[in-house]
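Engineer: Next comes query-v9.cif, mmCIF, C-alpha atoms and all ligand atoms:
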```cif
data_coords
#
loop_
_atom_site.group_PDB
_atom_site.id
_atom_site.type_symbol
_atom_site.label_atom_id
_atom_site.label_comp_id
_atom_site.auth_asym_id
_atom_site.auth_seq_id
_atom_site.Cartn_x
_atom_site.Cartn_y
_atom_site.Cartn_z
ATOM 1 C CA GLU A 1 34.592 -36.820 -17.816
ATOM 2 C CA LYS A 2 33.276 -38.472 -20.945
ATOM 3 C CA ILE A 3 29.656 -39.123 -21.886
ATOM 4 C CA ILE A 4 27.835 -40.529 -24.900
ATOM 5 C CA PHE A 5 25.986 -37.947 -26.964
ATOM 6 C CA ASN A 6 24.016 -39.160 -29.981
ATOM 7 C CA GLY A 7 26.161 -42.250 -30.240
ATOM 8 C CA GLU A 8 29.626 -40.690 -29.884
ATOM 9 C CA ILE A 9 31.859 -40.568 -26.815
ATOM 10 C CA VAL A 10 32.592 -36.907 -26.136
ATOM 11 C CA GLU A 11 33.679 -34.576 -23.353
ATOM 12 C CA LYS A 12 30.705 -33.758 -21.121
ATOM 13 C CA SER A 13 31.359 -30.005 -21.261
ATOM 14 C CA GLU A 14 31.037 -30.027 -25.059
ATOM 15 C CA VAL A 15 27.415 -31.143 -25.017
ATOM 16 C CA ASN A 16 24.518 -28.719 -25.342
ATOM 17 C CA ILE A 17 20.859 -29.683 -25.186
ATOM 18 C CA ASP A 18 18.381 -27.475 -27.023
ATOM 19 C CA ILE A 19 15.719 -25.743 -24.880
ATOM 20 C CA GLU A 20 13.137 -27.130 -27.279
ATOM 21 C CA ASP A 21 14.224 -30.699 -26.780
ATOM 22 C CA ARG A 22 10.984 -32.572 -26.149
ATOM 23 C CA GLY A 23 12.540 -34.395 -23.217
ATOM 24 C CA TYR A 24 13.151 -31.057 -21.536
ATOM 25 C CA GLN A 25 9.739 -29.603 -22.392
ATOM 26 C CA PHE A 26 7.429 -32.602 -22.083
ATOM 27 C CA GLY A 27 9.410 -35.433 -20.523
ATOM 28 C CA ASP A 28 8.867 -36.994 -23.951
ATOM 29 C CA GLY A 29 11.426 -39.755 -23.713
ATOM 30 C CA ILE A 30 12.574 -42.882 -21.972
ATOM 31 C CA TYR A 31 15.531 -43.994 -19.863
ATOM 32 C CA GLU A 32 17.397 -46.875 -18.236
ATOM 33 C CA VAL A 33 19.722 -47.302 -15.283
ATOM 34 C CA ILE A 34 22.208 -50.160 -15.564
ATOM 35 C CA ARG A 35 24.336 -51.393 -12.645
ATOM 36 C CA VAL A 36 28.067 -51.752 -13.114
ATOM 37 C CA TYR A 37 29.944 -54.096 -10.763
ATOM 38 C CA ASN A 38 33.737 -54.317 -11.054
ATOM 39 C CA GLY A 39 33.521 -52.712 -14.481
ATOM 40 C CA HIS A 40 30.937 -55.245 -15.736
ATOM 41 C CA LEU A 41 27.411 -54.318 -16.829
ATOM 42 C CA PHE A 42 24.830 -56.379 -14.930
ATOM 43 C CA THR A 43 21.807 -57.753 -16.856
ATOM 44 C CA LYS A 44 22.725 -55.523 -19.786
ATOM 45 C CA ASP A 45 20.714 -57.400 -22.419
ATOM 46 C CA GLU A 46 17.553 -57.157 -20.330
ATOM 47 C CA HIS A 47 17.992 -53.402 -19.813
ATOM 48 C CA ILE A 48 18.665 -52.724 -23.493
ATOM 49 C CA GLN A 49 15.690 -54.886 -24.456
ATOM 50 C CA ARG A 50 13.432 -52.912 -22.089
ATOM 51 C CA LEU A 51 14.787 -49.630 -23.484
ATOM 52 C CA TYR A 52 13.763 -50.620 -27.007
ATOM 53 C CA GLU A 53 10.370 -51.787 -25.741
ATOM 54 C CA SER A 54 9.743 -48.485 -23.928
ATOM 55 C CA ALA A 55 10.777 -46.592 -27.079
ATOM 56 C CA GLU A 56 8.431 -48.666 -29.201
ATOM 57 C CA LYS A 57 5.516 -48.053 -26.827
ATOM 58 C CA ILE A 58 5.783 -44.291 -27.388
ATOM 59 C CA SER A 59 6.775 -44.548 -31.071
ATOM 60 C CA ILE A 60 10.371 -43.374 -30.742
ATOM 61 C CA ARG A 61 12.625 -45.056 -33.276
ATOM 62 C CA ILE A 62 16.101 -45.565 -31.797
ATOM 63 C CA PRO A 63 18.587 -44.924 -34.631
ATOM 64 C CA PHE A 64 21.169 -47.472 -33.399
ATOM 65 C CA SER A 65 21.248 -51.239 -33.232
ATOM 66 C CA LYS A 66 21.197 -52.862 -29.794
ATOM 67 C CA LYS A 67 24.672 -54.196 -30.493
ATOM 68 C CA ASP A 68 26.133 -50.759 -31.313
ATOM 69 C CA LEU A 69 24.469 -49.201 -28.291
ATOM 70 C CA MET A 70 25.858 -51.905 -26.024
ATOM 71 C CA GLN A 71 29.380 -51.622 -27.425
ATOM 72 C CA ARG A 72 29.410 -47.865 -26.846
ATOM 73 C CA LEU A 73 28.176 -48.277 -23.257
ATOM 74 C CA GLU A 74 30.951 -50.766 -22.538
ATOM 75 C CA GLU A 75 33.453 -48.406 -24.130
ATOM 76 C CA LEU A 76 32.185 -45.563 -21.924
ATOM 77 C CA VAL A 77 32.581 -47.622 -18.747
ATOM 78 C CA GLU A 78 36.115 -48.462 -19.850
ATOM 79 C CA THR A 79 36.963 -44.854 -20.782
ATOM 80 C CA ASN A 80 35.672 -43.491 -17.470
ATOM 81 C CA GLN A 81 37.289 -46.391 -15.588
ATOM 82 C CA LEU A 82 34.064 -47.008 -13.717
ATOM 83 C CA ASP A 83 34.359 -49.773 -11.151
ATOM 84 C CA THR A 84 31.126 -49.892 -9.127
ATOM 85 C CA GLY A 85 28.346 -47.552 -10.130
ATOM 86 C CA ILE A 86 25.700 -46.983 -12.729
ATOM 87 C CA ILE A 87 25.154 -46.009 -16.319
ATOM 88 C CA TYR A 88 22.248 -43.611 -16.854
ATOM 89 C CA LEU A 89 20.957 -43.354 -20.394
ATOM 90 C CA GLN A 90 18.041 -41.486 -21.860
ATOM 91 C CA ILE A 91 16.555 -41.011 -25.289
ATOM 92 C CA THR A 92 14.107 -38.229 -26.065
ATOM 93 C CA ARG A 93 11.963 -37.813 -29.166
ATOM 94 C CA GLY A 94 14.259 -34.961 -30.230
ATOM 95 C CA THR A 95 14.049 -31.208 -30.800
ATOM 96 C CA TYR A 96 11.218 -29.356 -32.538
ATOM 97 C CA THR A 97 9.178 -26.135 -32.261
ATOM 98 C CA ARG A 98 6.990 -26.680 -29.222
ATOM 99 C CA GLN A 99 3.715 -28.419 -29.958
ATOM 100 C CA HIS A 100 2.090 -31.292 -28.141
ATOM 101 C CA GLY A 101 1.604 -33.623 -31.081
ATOM 102 C CA PHE A 102 4.561 -35.407 -32.626
ATOM 103 C CA PRO A 103 6.466 -33.350 -35.224
ATOM 104 C CA SER A 104 5.160 -33.992 -38.730
ATOM 105 C CA GLU A 105 8.668 -34.354 -40.145
ATOM 106 C CA GLU A 106 11.170 -36.933 -38.990
ATOM 107 C CA ILE A 107 13.453 -35.673 -36.188
ATOM 108 C CA ILE A 108 16.506 -37.292 -34.643
ATOM 109 C CA PRO A 109 16.124 -38.597 -31.088
ATOM 110 C CA THR A 110 18.503 -37.064 -28.526
ATOM 111 C CA TYR A 111 20.557 -39.774 -26.838
ATOM 112 C CA VAL A 112 22.683 -39.157 -23.756
ATOM 113 C CA ALA A 113 24.461 -41.650 -21.476
ATOM 114 C CA TYR A 114 26.797 -41.048 -18.573
ATOM 115 C CA THR A 115 28.380 -43.031 -15.749
ATOM 116 C CA ARG A 116 28.422 -42.396 -12.028
ATOM 117 C CA GLU A 117 30.223 -44.066 -9.142
ATOM 118 C CA MET A 118 27.702 -45.565 -6.728
ATOM 119 C CA PRO A 119 28.499 -47.979 -3.916
ATOM 120 C CA ILE A 120 26.294 -50.936 -2.997
ATOM 121 C CA PRO A 121 24.070 -49.696 -0.113
ATOM 122 C CA GLN A 122 25.473 -52.370 2.192
ATOM 123 C CA VAL A 123 24.501 -50.876 5.583
ATOM 124 C CA SER A 124 20.870 -50.393 4.529
ATOM 125 C CA MET A 125 20.829 -53.878 3.034
ATOM 126 C CA ASP A 126 22.128 -55.367 6.279
ATOM 127 C CA ASN A 127 19.813 -53.487 8.633
ATOM 128 C CA GLY A 128 16.748 -52.918 6.490
ATOM 129 C CA VAL A 129 14.975 -49.624 5.866
ATOM 130 C CA LYS A 130 11.593 -47.990 6.449
ATOM 131 C CA GLY A 131 8.771 -47.631 3.953
ATOM 132 C CA LEU A 132 5.869 -45.180 3.875
ATOM 133 C CA LEU A 133 2.496 -46.080 2.375
ATOM 134 C CA VAL A 134 1.541 -43.513 -0.269
ATOM 135 C CA GLU A 135 -1.488 -43.426 -2.590
ATOM 136 C CA ASP A 136 -0.406 -44.150 -6.169
ATOM 137 C CA ILE A 137 -1.529 -41.121 -8.190
ATOM 138 C CA ARG A 138 0.412 -41.918 -11.368
ATOM 139 C CA TRP A 139 -0.918 -42.504 -14.880
ATOM 140 C CA LEU A 140 -1.969 -45.864 -16.284
ATOM 141 C CA ARG A 141 1.155 -46.678 -18.329
ATOM 142 C CA CYS A 142 3.654 -47.279 -15.554
ATOM 143 C CA ASP A 143 5.038 -50.169 -17.644
ATOM 144 C CA ILE A 144 6.862 -47.586 -19.779
ATOM 145 C CA LYS A 145 10.162 -46.385 -18.303
ATOM 146 C CA SER A 146 9.278 -42.809 -19.198
ATOM 147 C CA LEU A 147 11.086 -39.605 -18.217
ATOM 148 C CA ASN A 148 7.782 -38.362 -16.788
ATOM 149 C CA LEU A 149 8.423 -39.072 -13.125
ATOM 150 C CA LEU A 150 6.434 -36.396 -11.282
ATOM 151 C CA GLY A 151 4.206 -38.902 -9.503
ATOM 152 C CA ASN A 152 7.236 -40.957 -8.480
ATOM 153 C CA ILE A 153 9.159 -37.873 -7.348
ATOM 154 C CA LEU A 154 6.298 -36.606 -5.184
ATOM 155 C CA ALA A 155 5.891 -40.032 -3.589
ATOM 156 C CA LYS A 156 9.629 -40.347 -2.856
ATOM 157 C CA GLN A 157 9.745 -36.842 -1.391
ATOM 158 C CA GLN A 158 6.823 -37.625 0.888
ATOM 159 C CA ALA A 159 8.658 -40.740 2.084
ATOM 160 C CA ALA A 160 11.922 -38.854 2.583
ATOM 161 C CA GLU A 161 10.176 -36.168 4.654
ATOM 162 C CA ALA A 162 8.796 -38.936 6.871
ATOM 163 C CA GLY A 163 12.336 -40.300 7.333
ATOM 164 C CA CYS A 164 11.659 -43.280 5.063
ATOM 165 C CA TYR A 165 13.811 -44.845 2.342
ATOM 166 C CA GLU A 166 10.988 -45.602 -0.046
ATOM 167 C CA ALA A 167 7.334 -44.849 -0.751
ATOM 168 C CA ILE A 168 5.229 -47.989 -1.030
ATOM 169 C CA GLN A 169 2.440 -47.049 -3.396
ATOM 170 C CA HIS A 170 -1.082 -48.462 -3.463
ATOM 171 C CA ARG A 171 -4.091 -47.885 -5.731
ATOM 172 C CA GLY A 172 -6.875 -48.147 -3.223
ATOM 173 C CA GLU A 173 -6.279 -51.442 -1.444
ATOM 174 C CA GLU A 174 -3.913 -52.873 -4.058
ATOM 175 C CA ILE A 175 -0.139 -52.476 -3.606
ATOM 176 C CA THR A 176 1.460 -51.418 -6.884
ATOM 177 C CA GLU A 177 5.185 -50.654 -6.473
ATOM 178 C CA GLY A 178 7.722 -48.349 -4.863
ATOM 179 C CA SER A 179 8.525 -44.913 -6.301
ATOM 180 C CA SER A 180 11.639 -46.440 -7.897
ATOM 181 C CA SER A 181 11.405 -50.104 -6.948
ATOM 182 C CA ASN A 182 9.174 -53.187 -6.963
ATOM 183 C CA VAL A 183 7.592 -54.549 -3.796
ATOM 184 C CA PHE A 184 7.631 -58.146 -2.511
ATOM 185 C CA ILE A 185 6.118 -59.778 0.546
ATOM 186 C CA VAL A 186 6.828 -63.163 2.081
ATOM 187 C CA LYS A 187 3.917 -65.058 3.671
ATOM 188 C CA ASP A 188 4.210 -68.629 4.981
ATOM 189 C CA ASN A 189 7.536 -69.070 3.125
ATOM 190 C CA CYS A 190 6.031 -67.964 -0.196
ATOM 191 C CA VAL A 191 7.470 -64.953 -2.024
ATOM 192 C CA ILE A 192 4.682 -62.824 -3.513
ATOM 193 C CA THR A 193 4.921 -59.924 -5.947
ATOM 194 C CA ARG A 194 2.164 -58.453 -8.064
ATOM 195 C CA PRO A 195 1.917 -59.410 -11.738
ATOM 196 C CA ALA A 196 3.619 -57.014 -14.146
ATOM 197 C CA THR A 197 0.696 -55.191 -15.759
ATOM 198 C CA ASN A 198 0.386 -51.607 -17.017
ATOM 199 C CA LEU A 199 0.325 -50.439 -13.382
ATOM 200 C CA ILE A 200 4.001 -51.174 -12.641
ATOM 201 C CA LEU A 201 7.407 -51.196 -14.252
ATOM 202 C CA ASN A 202 8.513 -54.786 -14.736
ATOM 203 C CA GLY A 203 11.821 -54.389 -12.904
ATOM 204 C CA ILE A 204 14.846 -56.237 -14.181
ATOM 205 C CA THR A 205 15.827 -56.919 -10.551
ATOM 206 C CA ARG A 206 12.284 -58.221 -9.976
ATOM 207 C CA GLN A 207 12.773 -60.644 -12.865
ATOM 208 C CA VAL A 208 16.161 -61.789 -11.543
ATOM 209 C CA ILE A 209 14.620 -62.442 -8.118
ATOM 210 C CA LEU A 210 11.786 -64.525 -9.589
ATOM 211 C CA LYS A 211 14.342 -66.492 -11.599
ATOM 212 C CA LEU A 212 16.401 -67.086 -8.437
ATOM 213 C CA CYS A 213 13.297 -68.312 -6.594
ATOM 214 C CA LYS A 214 12.561 -70.737 -9.403
ATOM 215 C CA GLU A 215 16.129 -72.038 -9.664
ATOM 216 C CA ASN A 216 16.525 -72.478 -5.924
ATOM 217 C CA GLY A 217 13.215 -74.064 -5.004
ATOM 218 C CA ILE A 218 11.850 -71.024 -3.191
ATOM 219 C CA GLU A 219 8.078 -70.967 -3.461
ATOM 220 C CA TYR A 220 6.790 -67.851 -5.236
ATOM 221 C CA LYS A 221 3.759 -66.429 -6.996
ATOM 222 C CA GLU A 222 2.885 -63.359 -9.005
ATOM 223 C CA GLN A 223 -0.338 -62.278 -7.405
ATOM 224 C CA ILE A 224 -2.062 -59.030 -6.430
ATOM 225 C CA PHE A 225 -1.778 -58.293 -2.712
ATOM 226 C CA THR A 226 -3.344 -55.604 -0.547
ATOM 227 C CA VAL A 227 -2.229 -53.044 2.028
ATOM 228 C CA ASN A 228 -3.546 -55.459 4.666
ATOM 229 C CA ASP A 229 -1.537 -58.379 3.247
ATOM 230 C CA LEU A 230 1.532 -56.155 3.370
ATOM 231 C CA LYS A 231 0.930 -55.252 7.001
ATOM 232 C CA GLN A 232 0.441 -58.904 7.913
ATOM 233 C CA ALA A 233 3.412 -60.176 5.904
ATOM 234 C CA ASP A 234 6.210 -62.173 7.546
ATOM 235 C CA GLU A 235 8.792 -60.283 5.492
ATOM 236 C CA VAL A 236 8.776 -57.346 3.093
ATOM 237 C CA PHE A 237 11.458 -56.235 0.661
ATOM 238 C CA ILE A 238 11.831 -54.002 -2.361
ATOM 239 C CA SER A 239 13.996 -54.495 -5.432
ATOM 240 C CA SER A 240 15.753 -52.204 -7.885
ATOM 241 C CA THR A 241 18.919 -51.861 -9.902
ATOM 242 C CA THR A 242 20.535 -49.619 -7.286
ATOM 243 C CA SER A 243 18.973 -51.136 -4.131
ATOM 244 C CA GLU A 244 19.167 -54.828 -5.148
ATOM 245 C CA VAL A 245 17.195 -56.812 -2.535
ATOM 246 C CA MET A 246 16.402 -54.248 0.176
ATOM 247 C CA PRO A 247 14.623 -55.382 3.355
ATOM 248 C CA ILE A 248 11.735 -53.222 4.600
ATOM 249 C CA VAL A 249 11.606 -53.599 8.372
ATOM 250 C CA GLN A 250 9.043 -50.922 9.169
ATOM 251 C CA ILE A 251 5.998 -49.581 7.318
ATOM 252 C CA ASN A 252 4.619 -46.341 8.716
ATOM 253 C CA GLU A 253 4.605 -47.127 12.478
ATOM 254 C CA LEU A 254 4.364 -50.894 12.053
ATOM 255 C CA GLN A 255 7.413 -53.115 12.462
ATOM 256 C CA ILE A 256 7.809 -56.070 10.116
ATOM 257 C CA ASN A 257 9.527 -59.229 11.420
ATOM 258 C CA SER A 258 10.293 -57.392 14.712
ATOM 259 C CA GLY A 259 12.181 -54.741 12.750
ATOM 260 C CA THR A 260 14.812 -57.063 11.232
ATOM 261 C CA PRO A 261 15.446 -58.439 7.726
ATOM 262 C CA GLY A 262 13.690 -61.771 7.221
ATOM 263 C CA LYS A 263 15.170 -65.198 6.551
ATOM 264 C CA ILE A 264 14.042 -65.528 2.927
ATOM 265 C CA THR A 265 14.969 -61.915 2.192
ATOM 266 C CA LYS A 266 18.517 -62.622 3.393
ATOM 267 C CA LYS A 267 18.651 -65.810 1.371
ATOM 268 C CA LEU A 268 17.665 -63.880 -1.754
ATOM 269 C CA GLN A 269 20.294 -61.238 -0.973
ATOM 270 C CA ASN A 270 22.939 -63.966 -0.908
ATOM 271 C CA LEU A 271 21.696 -65.567 -4.102
ATOM 272 C CA PHE A 272 21.690 -62.142 -5.745
ATOM 273 C CA LYS A 273 25.264 -61.571 -4.637
ATOM 274 C CA ARG A 274 26.280 -64.889 -6.208
ATOM 275 C CA GLU A 275 24.619 -63.749 -9.421
ATOM 276 C CA ILE A 276 26.787 -60.594 -9.399
ATOM 277 C CA GLU A 277 29.932 -62.611 -8.697
ATOM 278 C CA LYS A 278 29.240 -64.731 -11.774
ATOM 279 C CA LEU A 279 29.869 -61.589 -13.862
ATOM 280 C CA SER A 280 33.532 -61.527 -12.932
ATOM 281 C CA GLU A 281 34.166 -65.253 -13.435
HETATM 282 N N1 LIG A 301 9.572 -49.454 -10.495
HETATM 283 C C1 LIG A 301 9.899 -48.178 -10.765
HETATM 284 C C2 LIG A 301 8.841 -47.147 -10.812
HETATM 285 C C3 LIG A 301 11.256 -47.837 -10.995
HETATM 286 O O1 LIG A 301 11.593 -46.569 -11.274
HETATM 287 C C4 LIG A 301 12.239 -48.841 -10.909
HETATM 288 C C5 LIG A 301 13.664 -48.566 -11.132
HETATM 289 O O2 LIG A 301 14.167 -47.516 -10.970
HETATM 290 C C6 LIG A 301 11.848 -50.146 -10.598
HETATM 291 C C7 LIG A 301 10.500 -50.414 -10.421
HETATM 292 C C8 LIG A 301 12.852 -51.255 -10.506
HETATM 293 O O3 LIG A 301 13.314 -51.601 -11.780
HETATM 294 P P1 LIG A 301 14.765 -52.240 -12.007
HETATM 295 O O4 LIG A 301 14.842 -53.436 -11.133
HETATM 296 O O5 LIG A 301 14.773 -52.580 -13.449
HETATM 297 O O6 LIG A 301 15.756 -51.194 -11.614
#
```
Please rewrite the model in this file as structure tokens.
Structural biologist:
Amino acid sequence: EKIIFNGEIVEKSEVNIDIEDRGYQFGDGIYEVIRVYNGHLFTKDEHIQRLYESAEKISIRIPFSKKDLMQRLEELVETNQLDTGIIYLQITRGTYTRQHGFPSEEIIPTYVAYTREMPIPQVSMDNGVKGLLVEDIRWLRCDIKSLNLLGNILAKQQAAEAGCYEAIQHRGEEITEGSSSNVFIVKDNCVITRPATNLILNGITRQVILKLCKENGIEYKEQIFTVNDLKQADEVFISSTTSEVMPIVQINELQINSGTPGKITKKLQNLFKREIEKLSE
């Protein structure tokens, strides 16, 4: 199995990461997950753009051009003959004697990317899944796709232990996002998702969905909504690179839309599928 290490495609077993890599010690780095359908990278420009933005926000200088990075990723998918799955890539600040502050001398960021087979979660998408409301205890820069995921991990674990697919986080009354997804509600035929501020990651899937609403005359707004709004919604769904448009049919003990995926949710699933099919045309 081949991976990318600092820009070169190499055998996975040849790679060693230093114990003083700042990603390992502090979570001092950033990452992306890109979907691959039939060997094609989905919304690749948007993911690479967000990667560079995350890097910039924490003052990591990526020592490759976007074009070079993209070419290597495509080469990796080809080399590993990945059909349907994901690319995971992460860039840390690099390796230095442990100290909290940035190293005073320039260090080289550590860049790793690998591929993994991952099917589309079709059964869950057809039937819908459960969500668990969890207080959002994360920091105030959730707009950065940082390796620091403890808050997200704890939320997801809590959901999993309750038999739920995703944690639906809220800061007080305000719904923020899932542990690894964005949250949407549908009320009176209007799709609502909260504005992308510092409190959430502006999901690429979220952006695709809003674009699809716009292009297809589906009413939508980016507006803050509450736990109560969520409970009284006609439909609820979450979005992410790996889960696409995923219906939420139960929240805690409360069924949404009698426990079935809603009409607009299904419409968006179909539109999203068309968007994927365009890749292979
Ligand atoms: N919010 C969080 C916290 C995430 O980790 C993710 C993705 O994993 C998302 C939202 C969805 O983002 P995207 O649609 O770009 O995968």
Engineer: Give me the chain A side of the contact with ligand LIG 301 (chain A), cut-off 9 Å, one line per residue showing its nearest atom pair and distance in Å at one decimal, counting only C-alpha atoms and all ligand atoms, sorted by chain and residue number, as CSV.
Structural biologist:
```
residue,atom,partner,partner_atom,distance
A:Glu32,CA,A:LIG301,O5,7.9
A:Val33,CA,A:LIG301,O6,6.7
A:Ile34,CA,A:LIG301,O6,7.6
A:Arg35,CA,A:LIG301,O6,8.6
A:Glu46,CA,A:LIG301,O5,8.7
A:His47,CA,A:LIG301,O5,7.2
A:Arg50,CA,A:LIG301,O5,8.7
A:Cys142,CA,A:LIG301,C2,7.0
A:Asp143,CA,A:LIG301,C2,8.4
A:Lys145,CA,A:LIG301,O1,7.2
A:Leu149,CA,A:LIG301,O1,8.3
A:Asn152,CA,A:LIG301,C2,6.8
A:Glu177,CA,A:LIG301,N1,6.1
A:Gly178,CA,A:LIG301,N1,6.0
A:Ser179,CA,A:LIG301,C2,5.0
A:Ser180,CA,A:LIG301,O1,3.4
A:Ser181,CA,A:LIG301,C7,3.6
A:Asn182,CA,A:LIG301,C7,4.6
A:Val183,CA,A:LIG301,C7,8.3
A:Ile200,CA,A:LIG301,N1,6.2
A:Leu201,CA,A:LIG301,N1,4.7
A:Asn202,CA,A:LIG301,C7,6.5
A:Gly203,CA,A:LIG301,O3,3.4
A:Ile204,CA,A:LIG301,O5,3.7
A:Thr205,CA,A:LIG301,O4,3.7
A:Arg206,CA,A:LIG301,O4,5.5
A:Gln207,CA,A:LIG301,O4,7.7
A:Val208,CA,A:LIG301,O4,8.5
A:Ile238,CA,A:LIG301,C8,8.7
A:Ser239,CA,A:LIG301,O4,5.9
A:Ser240,CA,A:LIG301,O4,3.6
A:Thr241,CA,A:LIG301,O6,3.7
A:Thr242,CA,A:LIG301,O6,6.6
A:Ser243,CA,A:LIG301,O6,8.1
A:Glu244,CA,A:LIG301,O4,7.5
```
Engineer: Near A:Asn257, within 10 Å and counting only C-alpha atoms, which residues show up once chain neighbours fewer than 4 positions away are dropped, as a PDB file with C-alpha atoms, keeping the file's coordinate frame?
Structural biologist:
```
ATOM      1  CA  GLN A 232       0.441 -58.904   7.913  1.00  0.00           C
ATOM      2  CA  ALA A 233       3.412 -60.176   5.904  1.00  0.00           C
ATOM      3  CA  ASP A 234       6.210 -62.173   7.546  1.00  0.00           C
ATOM      4  CA  GLU A 235       8.792 -60.283   5.492  1.00  0.00           C
ATOM      5  CA  VAL A 236       8.776 -57.346   3.093  1.00  0.00           C
ATOM      6  CA  ILE A 248      11.735 -53.222   4.600  1.00  0.00           C
ATOM      7  CA  VAL A 249      11.606 -53.599   8.372  1.00  0.00           C
ATOM      8  CA  GLN A 250       9.043 -50.922   9.169  1.00  0.00           C
ATOM      9  CA  PRO A 261      15.446 -58.439   7.726  1.00  0.00           C
ATOM     10  CA  GLY A 262      13.690 -61.771   7.221  1.00  0.00           C
ATOM     11  CA  LYS A 263      15.170 -65.198   6.551  1.00  0.00           C
TER      12      LYS A 263
END
```
Engineer: Of the candidates A:Tyr111, A:Gly128, A:Ile30, A:Leu199, which one gets nearest to A:Tyr165 if we count only C-alpha atoms?
Structural biologist: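 Selected residue with least distance to A:Tyr165: A:Gly128.
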Engineer: Out of A:Asp21, A:Arg116, A:Thr265, A:Asp83, which residue has the shortest atom-to-atom distance to A:Lys2 when counting only C-alpha atoms?
Structural biologist: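 Smallest distance to A:Lys2 is found for A:Arg116.
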Engineer: Would you please work out which residue, of A:Arg93, A:Lys44, A:Ser13, A:Asn80, is nearest to A:Ser59 when using only C-alpha atoms?
Structural biologist: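 With only C-alpha atoms as the atom set, the closest residue is A:Arg93.
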Engineer: State, in Å with one decimal place, the distance from atom CA of A:Met125 to atom CA of A:Lys214.
Structural biologist: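 Between these atoms lies a distance of 22.5 Å.
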Engineer: Written as JSON, numbers by chain, which residues does the PyMOL selection byres (((chain A and resi 252) around 9) and not hetatm) give for the file shown?
Structural biologist: {"A": [130, 131, 132, 133, 162, 164, 250, 251, 253, 254, 255]}
Engineer: Near A:Tyr24, within 9 Å and counting only C-alpha atoms, which residues show up once chain neighbours fewer than 6 positions away are dropped, as a list in words?
Structural biologist: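 Contacts, in chain order: Ile17, Asp18 and Thr92 of chain A.
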Engineer: I need the residue nearest A:Leu150 from this list: A:Glu11, A:Asn198, A:Tyr31, A:Phe26. Use all atoms listed in the file for the distance.
Structural biologist: A:Phe26
Engineer: Using all atoms listed in the file - which residues lie no farther than 12 Å from the point (23.4, -63.2, -1.9) in the file's frame? Write them as a PyMOL selection string.
Structural biologist: chain A and resi 122+125-126+209+212+244-246+263-278
Engineer: So how many Å separate atom CA of A:Ile91 and atom CA of A:Glu78, to one decimal?
Structural biologist: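 Value for the atom CA of A:Ile91-atom CA of A:Glu78 distance: 21.6 Å.
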Engineer: In Å, how far is it from atom CA of A:Thr79 to atom CA of A:Tyr52?
Structural biologist: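 Atom CA of A:Tyr52 lies 24.7 Å from atom CA of A:Thr79.
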Engineer: With the PyMOL selection byres (((chain A and resi 6) around 12) and not hetatm) as the selection, what would be picked from this file? Answer as a list in words, please.
Structural biologist: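 Applying the expression gives Ile3, Ile4, Phe5, Gly7, Glu8, Ile9, Val10, Val15, Asn16, Ile17, Ile62, Pro63, Phe64, Asp68, Leu69, Arg72, Leu89, Gln90, Ile91, Thr92, Gly94, Ile108, Pro109, Thr110, Tyr111, Val112, Ala113 and Tyr114 of chain A.
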Engineer: Include C-alpha atoms and write out the residues we just selected as a PDB file, keeping the file's coordinate frame.
Structural biologist:
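The resulting part09.pdb:
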```pdb
ATOM      1  CA  ILE A   3      29.656 -39.123 -21.886  1.00  0.00           C
ATOM      2  CA  ILE A   4      27.835 -40.529 -24.900  1.00  0.00           C
ATOM      3  CA  PHE A   5      25.986 -37.947 -26.964  1.00  0.00           C
ATOM      4  CA  GLY A   7      26.161 -42.250 -30.240  1.00  0.00           C
ATOM      5  CA  GLU A   8      29.626 -40.690 -29.884  1.00  0.00           C
ATOM      6  CA  ILE A   9      31.859 -40.568 -26.815  1.00  0.00           C
ATOM      7  CA  VAL A  10      32.592 -36.907 -26.136  1.00  0.00           C
ATOM      8  CA  VAL A  15      27.415 -31.143 -25.017  1.00  0.00           C
ATOM      9  CA  ASN A  16      24.518 -28.719 -25.342  1.00  0.00           C
ATOM     10  CA  ILE A  17      20.859 -29.683 -25.186  1.00  0.00           C
ATOM     11  CA  ILE A  62      16.101 -45.565 -31.797  1.00  0.00           C
ATOM     12  CA  PRO A  63      18.587 -44.924 -34.631  1.00  0.00           C
ATOM     13  CA  PHE A  64      21.169 -47.472 -33.399  1.00  0.00           C
ATOM     14  CA  ASP A  68      26.133 -50.759 -31.313  1.00  0.00           C
ATOM     15  CA  LEU A  69      24.469 -49.201 -28.291  1.00  0.00           C
ATOM     16  CA  ARG A  72      29.410 -47.865 -26.846  1.00  0.00           C
ATOM     17  CA  LEU A  89      20.957 -43.354 -20.394  1.00  0.00           C
ATOM     18  CA  GLN A  90      18.041 -41.486 -21.860  1.00  0.00           C
ATOM     19  CA  ILE A  91      16.555 -41.011 -25.289  1.00  0.00           C
ATOM     20  CA  THR A  92      14.107 -38.229 -26.065  1.00  0.00           C
ATOM     21  CA  GLY A  94      14.259 -34.961 -30.230  1.00  0.00           C
ATOM     22  CA  ILE A 108      16.506 -37.292 -34.643  1.00  0.00           C
ATOM     23  CA  PRO A 109      16.124 -38.597 -31.088  1.00  0.00           C
ATOM     24  CA  THR A 110      18.503 -37.064 -28.526  1.00  0.00           C
ATOM     25  CA  TYR A 111      20.557 -39.774 -26.838  1.00  0.00           C
ATOM     26  CA  VAL A 112      22.683 -39.157 -23.756  1.00  0.00           C
ATOM     27  CA  ALA A 113      24.461 -41.650 -21.476  1.00  0.00           C
ATOM     28  CA  TYR A 114      26.797 -41.048 -18.573  1.00  0.00           C
TER      29      TYR A 114
END
```
Engineer: Report as a PyMOL selection string the full result of the PyMOL selection byres (((chain A and resi 99) around 10) and not hetatm) when it is applied to this structure.
Structural biologist: chain A and resi 20+22+25-26+96-98+100-103
Engineer: Restricting the calculation to all atoms listed in the file: of A:Gly29, A:Gly259, A:Pro195, A:Gly172, which residue gets closest to A:Lys57?
Structural biologist: A:Gly29
